[in-house]
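Enquirer: So that we are looking at the same thing, I have put the structure below in structure tokens.
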Amino acid sequence: MASRRSKPSSSVPEDELKDLIMKLRALLPTEINRNNTTRVSLWRLLEETCNHIKRLQTEVDGLSERLYELMASPNTSTAEADILRRVFEQQ
């Protein structure tokens, strides 16, 4: 007797799920994204996504630290500091 997993009534339609997976793949700068013909398990896709987010968080932390150092440095001119403040105000 073959067993089938039943889908909950509140599940995402399969075509919407496939669309979300394709969008997620497009955001990743890895081989998963470069070769759309390769079938990749959902687990692998989620693992790559988590790794990519962790790398981005590390990069943001490093840039934040560098920016803090730049703003606190006595070598940073007033003009440079003003430019940085204007950039942040635009965000």
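Residues in the structure tokens are numbered from 1 in each chain, the chains being A, B, ... in the order shown, and ligands are numbered from 1 in the order shown.
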So that I can check the surroundings of region 13-29 of chain A, please list as a ChimeraX atom specification every protein, DNA and RNA residue that reaches within 8 Å of it, counting only C-alpha atoms and ignoring chain neighbours fewer than 6 positions away.
Expert: /A:45,48-49,52
Enquirer: Which residues are near region 66-71 of chain A? Cut-off 7 Å, only C-alpha atoms, ignore same chain within fewer than 4 positions. Put them as number ranges by chain.
Expert: A: 62, 76, 81
